[in-house]
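What's in model06.tsv: TSV, C-alpha atoms
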```tsv
chain	number	residue	atom	x	y	z
E	496	MET	CA	0.00	0.00	0.00
E	497	ALA	CA	1.33	3.45	-0.92
E	498	GLU	CA	2.33	5.64	2.02
E	499	ASN	CA	0.05	8.58	2.70
E	500	LYS	CA	2.21	11.65	2.07
E	501	SER	CA	0.23	13.71	4.55
E	502	SER	CA	1.36	11.35	7.32
E	503	VAL	CA	5.06	11.83	6.57
E	504	LYS	CA	6.76	14.03	9.17
E	505	LYS	CA	8.03	17.20	7.56
E	506	ILE	CA	11.47	18.62	8.31
E	507	ARG	CA	10.92	21.55	10.67
E	508	THR	CA	13.19	24.33	9.44
E	509	LEU	CA	14.16	27.70	10.89
E	510	LEU	CA	15.16	30.25	8.25
E	511	VAL	CA	17.68	32.92	9.30
E	512	GLU	CA	18.33	35.76	6.83
E	513	ASP	CA	18.36	39.51	7.46
E	514	HIS	CA	17.39	40.58	3.92
E	515	THR	CA	13.60	40.39	3.65
E	516	ILE	CA	13.41	39.78	-0.09
E	517	VAL	CA	15.99	36.97	0.10
E	518	ARG	CA	14.29	35.39	3.12
E	519	GLU	CA	10.87	35.49	1.48
E	520	GLY	CA	12.27	33.94	-1.69
E	521	LEU	CA	13.96	31.14	0.23
E	522	ARG	CA	10.80	30.48	2.23
E	523	ALA	CA	8.67	30.19	-0.92
E	524	LEU	CA	11.15	27.86	-2.56
E	525	LEU	CA	11.45	25.62	0.50
E	526	LEU	CA	7.69	25.45	0.96
E	527	ALA	CA	7.47	24.13	-2.60
E	528	ASP	CA	9.21	21.02	-1.27
E	529	GLY	CA	6.47	18.94	0.27
E	530	GLY	CA	8.82	17.47	2.87
E	531	ILE	CA	9.96	20.77	4.40
E	532	GLU	CA	8.08	23.04	6.80
E	533	VAL	CA	9.36	26.53	7.65
E	534	VAL	CA	8.42	26.82	11.32
E	535	GLY	CA	10.03	30.18	11.98
E	536	GLU	CA	12.24	32.99	10.74
E	537	ALA	CA	14.87	35.26	12.25
E	538	VAL	CA	16.49	38.45	11.01
E	539	ASN	CA	19.67	38.51	13.11
E	540	GLY	CA	21.94	36.07	14.89
E	541	ARG	CA	20.71	36.83	18.38
E	542	GLN	CA	17.10	36.32	17.34
E	543	ALA	CA	18.14	33.08	15.60
E	544	VAL	CA	19.40	31.67	18.90
E	545	GLU	CA	16.20	32.70	20.71
E	546	ARG	CA	13.95	31.22	18.01
E	547	ALA	CA	15.95	28.00	17.86
E	548	LEU	CA	15.65	27.51	21.62
E	549	ALA	CA	11.92	28.24	21.51
E	550	LEU	CA	11.02	26.27	18.38
E	551	ARG	CA	13.59	23.44	18.50
E	552	PRO	CA	13.66	22.96	14.71
E	553	ASP	CA	15.22	19.99	12.96
E	554	VAL	CA	17.32	22.20	10.68
E	555	VAL	CA	18.47	25.82	10.77
E	556	VAL	CA	19.36	27.53	7.48
E	557	MET	CA	21.74	30.26	8.65
E	558	ASP	CA	23.17	33.24	6.79
E	559	ILE	CA	26.70	34.23	7.88
E	560	ALA	CA	26.53	38.01	7.47
E	561	MET	CA	24.05	38.79	10.23
E	562	PRO	CA	23.70	41.91	12.37
E	563	GLN	CA	24.14	41.84	16.17
E	564	LEU	CA	25.55	38.30	16.16
E	565	ASN	CA	27.02	36.76	13.03
E	566	GLY	CA	25.81	33.43	11.75
E	567	LEU	CA	28.89	31.51	12.83
E	568	GLU	CA	28.67	32.67	16.44
E	569	ALA	CA	24.91	32.07	16.45
E	570	THR	CA	25.50	28.57	15.10
E	571	GLY	CA	28.00	27.85	17.86
E	572	LYS	CA	25.49	28.88	20.51
E	573	ILE	CA	22.69	26.84	18.94
E	574	ARG	CA	24.88	23.76	18.58
E	575	LEU	CA	25.96	24.07	22.21
E	576	ALA	CA	22.39	24.30	23.50
E	577	LEU	CA	20.78	21.96	20.96
E	578	PRO	CA	23.42	19.53	19.67
E	579	GLY	CA	20.82	17.55	17.73
E	580	VAL	CA	19.88	20.50	15.51
E	581	LYS	CA	21.45	20.47	12.05
E	582	VAL	CA	22.73	23.82	10.76
E	583	ILE	CA	23.30	24.66	7.11
E	584	ILE	CA	25.38	27.80	6.58
E	585	LEU	CA	24.66	30.16	3.68
E	586	SER	CA	27.29	32.65	2.54
E	587	ALA	CA	28.11	34.85	-0.41
E	588	HIS	CA	31.71	33.65	-0.04
E	589	GLY	CA	33.46	30.31	0.29
E	590	ASP	CA	37.03	31.19	1.21
E	591	ASP	CA	39.28	29.05	3.39
E	592	ALA	CA	38.68	31.02	6.59
E	593	TYR	CA	34.95	30.44	6.40
E	594	ILE	CA	35.40	26.77	5.51
E	595	ASP	CA	37.61	26.19	8.56
E	596	ARG	CA	35.22	27.94	10.91
E	597	VAL	CA	32.11	26.24	9.53
E	598	ILE	CA	33.70	22.83	10.07
E	599	ALA	CA	34.98	23.79	13.52
E	600	ILE	CA	31.55	24.81	14.84
E	601	GLY	CA	29.97	21.58	13.63
E	602	ALA	CA	27.70	22.87	10.86
E	603	ALA	CA	26.27	20.06	8.74
E	604	GLY	CA	26.35	21.98	5.47
E	605	PHE	CA	27.82	25.03	3.75
E	606	LEU	CA	26.22	26.49	0.64
E	607	ILE	CA	27.10	29.49	-1.48
E	608	LYS	CA	24.11	31.81	-1.79
E	609	GLN	CA	24.01	31.45	-5.55
E	610	THR	CA	23.14	27.79	-5.01
E	611	SER	CA	19.83	26.78	-6.57
E	612	ALA	CA	16.84	26.20	-4.34
E	613	GLN	CA	16.75	22.59	-5.43
E	614	ILE	CA	20.22	22.06	-3.97
E	615	LEU	CA	19.25	23.82	-0.72
E	616	ALA	CA	16.22	21.53	-0.36
E	617	LYS	CA	18.41	18.54	-1.17
E	618	ALA	CA	20.92	19.70	1.46
E	619	ILE	CA	18.19	19.87	4.11
E	620	HIS	CA	17.06	16.33	3.36
E	621	GLU	CA	20.67	15.10	3.29
E	622	VAL	CA	21.68	16.53	6.67
E	623	MET	CA	18.47	15.20	8.23
E	624	SER	CA	19.49	11.72	7.09
E	625	GLY	CA	22.75	12.11	9.00
E	626	GLY	CA	25.00	13.29	6.19
E	627	THR	CA	26.74	16.54	5.37
E	628	PHE	CA	26.26	18.70	2.29
E	629	TYR	CA	28.48	21.30	0.64
E	630	SER	CA	27.83	23.19	-2.58
E	631	PRO	CA	30.18	22.22	-5.45
E	632	GLN	CA	32.22	25.42	-5.12
E	633	VAL	CA	32.82	24.80	-1.43
E	634	SER	CA	33.69	21.12	-1.96
E	635	LYS	CA	36.38	22.13	-4.44
E	636	ARG	CA	37.77	24.74	-2.06
E	637	MET	CA	37.88	22.12	0.70
E	638	ARG	CA	39.78	19.66	-1.48
E	639	ASP	CA	42.27	22.32	-2.58
E	640	HIS	CA	42.59	23.64	0.96
E	641	TYR	CA	43.28	20.38	2.75
E	642	GLU	CA	45.49	18.92	0.04
E	643	LYS	CA	48.01	21.67	0.87
E	644	PRO	CA	49.69	20.92	4.23
E	645	GLU	CA	50.84	24.47	4.70
E	646	LYS	CA	47.24	25.63	4.60
E	647	ALA	CA	45.71	22.83	6.62
E	648	GLY	CA	44.27	24.04	9.88
E	649	GLY	CA	43.88	27.58	8.63
E	650	LEU	CA	41.55	28.01	11.55
E	651	LEU	CA	44.54	27.57	13.84
E	652	ILE	CA	46.41	30.29	11.97
E	653	ARG	CA	43.49	32.68	12.28
E	654	LYS	CA	41.64	31.10	15.24
E	655	ALA	CA	40.16	34.51	15.89
E	656	THR	CA	43.54	35.16	17.60
E	657	GLY	CA	42.31	33.46	20.74
E	658	LEU	CA	39.25	35.64	21.27
E	659	THR	CA	36.55	34.21	23.50
E	660	SER	CA	32.95	33.91	22.36
E	661	ARG	CA	32.08	36.92	24.53
E	662	GLU	CA	34.87	38.99	22.98
E	663	LEU	CA	33.69	38.03	19.50
E	664	GLU	CA	30.20	39.26	20.36
E	665	VAL	CA	31.59	42.58	21.58
E	666	ILE	CA	33.85	43.12	18.60
E	667	GLN	CA	31.02	42.38	16.16
E	668	LEU	CA	28.66	44.88	17.77
E	669	VAL	CA	31.40	47.51	17.97
E	670	ALA	CA	32.38	46.90	14.33
E	671	GLU	CA	28.74	47.32	13.32
E	672	GLY	CA	28.91	50.83	14.77
E	673	GLN	CA	26.79	50.15	17.86
E	674	PRO	CA	27.34	52.65	20.72
E	675	ASN	CA	28.34	51.25	24.11
E	676	LYS	CA	24.81	51.72	25.46
E	677	GLN	CA	23.34	49.59	22.67
E	678	VAL	CA	26.05	46.93	23.03
E	679	ALA	CA	25.29	46.76	26.76
E	680	SER	CA	21.57	46.38	26.06
E	681	GLU	CA	22.07	43.66	23.43
E	682	MET	CA	24.41	41.63	25.65
E	683	GLY	CA	22.64	42.25	28.96
E	684	ILE	CA	25.71	43.75	30.64
E	685	SER	CA	26.60	47.18	32.01
E	686	ILE	CA	28.08	50.00	29.94
E	687	LYS	CA	31.16	49.91	32.19
E	688	THR	CA	31.65	46.20	31.36
E	689	VAL	CA	31.35	46.97	27.65
E	690	GLU	CA	34.02	49.66	27.99
E	691	LYS	CA	36.28	47.17	29.79
E	692	HIS	CA	35.73	44.57	27.05
E	693	ARG	CA	36.47	47.15	24.33
E	694	GLN	CA	39.67	48.28	26.01
E	695	HIS	CA	40.75	44.68	26.67
E	696	LEU	CA	40.21	43.85	22.99
E	697	MET	CA	42.32	46.80	21.90
E	698	ASP	CA	45.10	45.82	24.29
E	699	LYS	CA	44.92	42.14	23.35
E	700	LEU	CA	44.97	42.83	19.59
E	701	ASN	CA	47.29	45.85	19.79
E	702	ILE	CA	44.63	47.97	18.09
E	703	HIS	CA	44.15	51.56	19.11
E	704	ASP	CA	40.78	52.70	17.76
E	705	THR	CA	37.33	51.54	16.69
E	706	ALA	CA	38.24	51.74	13.01
E	707	GLY	CA	41.05	49.27	13.67
E	708	LEU	CA	38.67	46.90	15.45
E	709	THR	CA	36.30	47.14	12.48
E	710	ARG	CA	39.03	46.37	9.95
E	711	TYR	CA	40.12	43.43	12.09
E	712	ALA	CA	36.53	42.10	12.30
E	713	ILE	CA	36.18	42.24	8.52
E	714	ALA	CA	39.60	40.65	7.90
E	715	GLN	CA	38.81	37.76	10.27
E	716	GLY	CA	35.35	37.12	8.82
E	717	ILE	CA	33.62	38.12	12.06
E	718	ILE	CA	31.51	40.45	9.91
E	719	GLU	CA	31.43	40.87	6.15
E	720	SER	CA	32.41	44.23	4.70
E	721	CYS	CA	28.85	44.79	3.48
E	722	VAL	CA	27.58	44.80	7.07
E	723	GLN	CA	29.70	47.76	8.15
E	724	VAL	CA	29.20	50.37	5.43
E	725	THR	CA	31.33	53.16	6.84
E	726	ILE	CA	34.55	52.83	8.79
E	727	VAL	CA	35.16	55.98	10.81
```
Just give me the structure as structure tokens.
Amino acid sequence: MAENKSSVKKIRTLLVEDHTIVREGLRALLLADGGIEVVGEAVNGRQAVERALALRPDVVVMDIAMPQLNGLEATGKIRLALPGVKVIILSAHGDDAYIDRVIAIGAAGFLIKQTSAQILAKAIHEVMSGGTFYSPQVSKRMRDHYEKPEKAGGLLIRKATGLTSRELEVIQLVAEGQPNKQVASEMGISIKTVEKHRQHLMDKLNIHDTAGLTRYAIAQGIIESCVQVTIV
């Protein structure tokens, strides 16, 4: 007897993308796949963590270049709290630094944004079956990257220069141009603590101004250059 499709459990998916038109397009394309259900959406990394904890989806489709908390940091927090959740990273870029960090945080997939919707849907099904999925461009970069011993472990070379998760949160918000008051509000800490974190970061990285912190954040992939429009 043929299985009733309506009885098949759909893959509960959380969609995280800060650009409305892109998010709406992805949602429509995923909904066209009868086996996927979009149970929620988020427009920044911090909201992604909150929604993941509340909704407990099967899969999170996560953009990297996110305001307030980038997709990689958000993924790390989600994976720590909900290790069973599969995360597929979306990015406009597939360079070695991103590849290293995506693997290190335990993401199940990494797709370039130009990837077709069919491949994204396929990736969701694949990671739910216990596999991993990388877009062809990323797979090639991974092969090239790890076939060269001098490049292997690029994460260790960059390794965010030993910054803690808390420090990465601070530097992202600062690099996005957030004033200390807003950083304090977003992180739930005092303004004085933010000032201490900022000064500690400058001392630790031997950087002497906010513009330097911003350039560092972009260079390390903590934010993408499109997130911070003006460096002052």
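For the pair CA of Val580 (chain E) and CA of Val534 (chain E), the separation is 13.7 Å.
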Listed atoms of region 514-524 of chain E boxed along x, y and z, 3 Å each side, centre and edge lengths in Å, one decimal, as AutoDock Vina command-line options:
```
--center_x 13.0 --center_y 34.2 --center_z 0.7 --size_x 14.7 --size_y 18.7 --size_z 12.5
```
Problem set entry | Within-10 Å shell of (15.7, 23.3, 18.6) in input frame, only C-alpha atoms, as a ChimeraX atom specification | /E:507-509,544-555,573-574,576-581
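One distance worth recording is that between CA of His514 (chain E) and CA of Gln609 (chain E), which is 14.7 Å.
For the pair CA of Thr570 (chain E) and CA of Glu671 (chain E), the separation is 19.1 Å.
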For this session: Excluding Ile717 (chain E) and any residue of its chain fewer than 3 positions from it, enumerate the residues within 10 Å of it, using all atoms listed in the file, and give them as a PyMOL selection string.
Result: chain E and resi 559-561+564-568+593+655+663-664+666-667+670+709+711-714+720
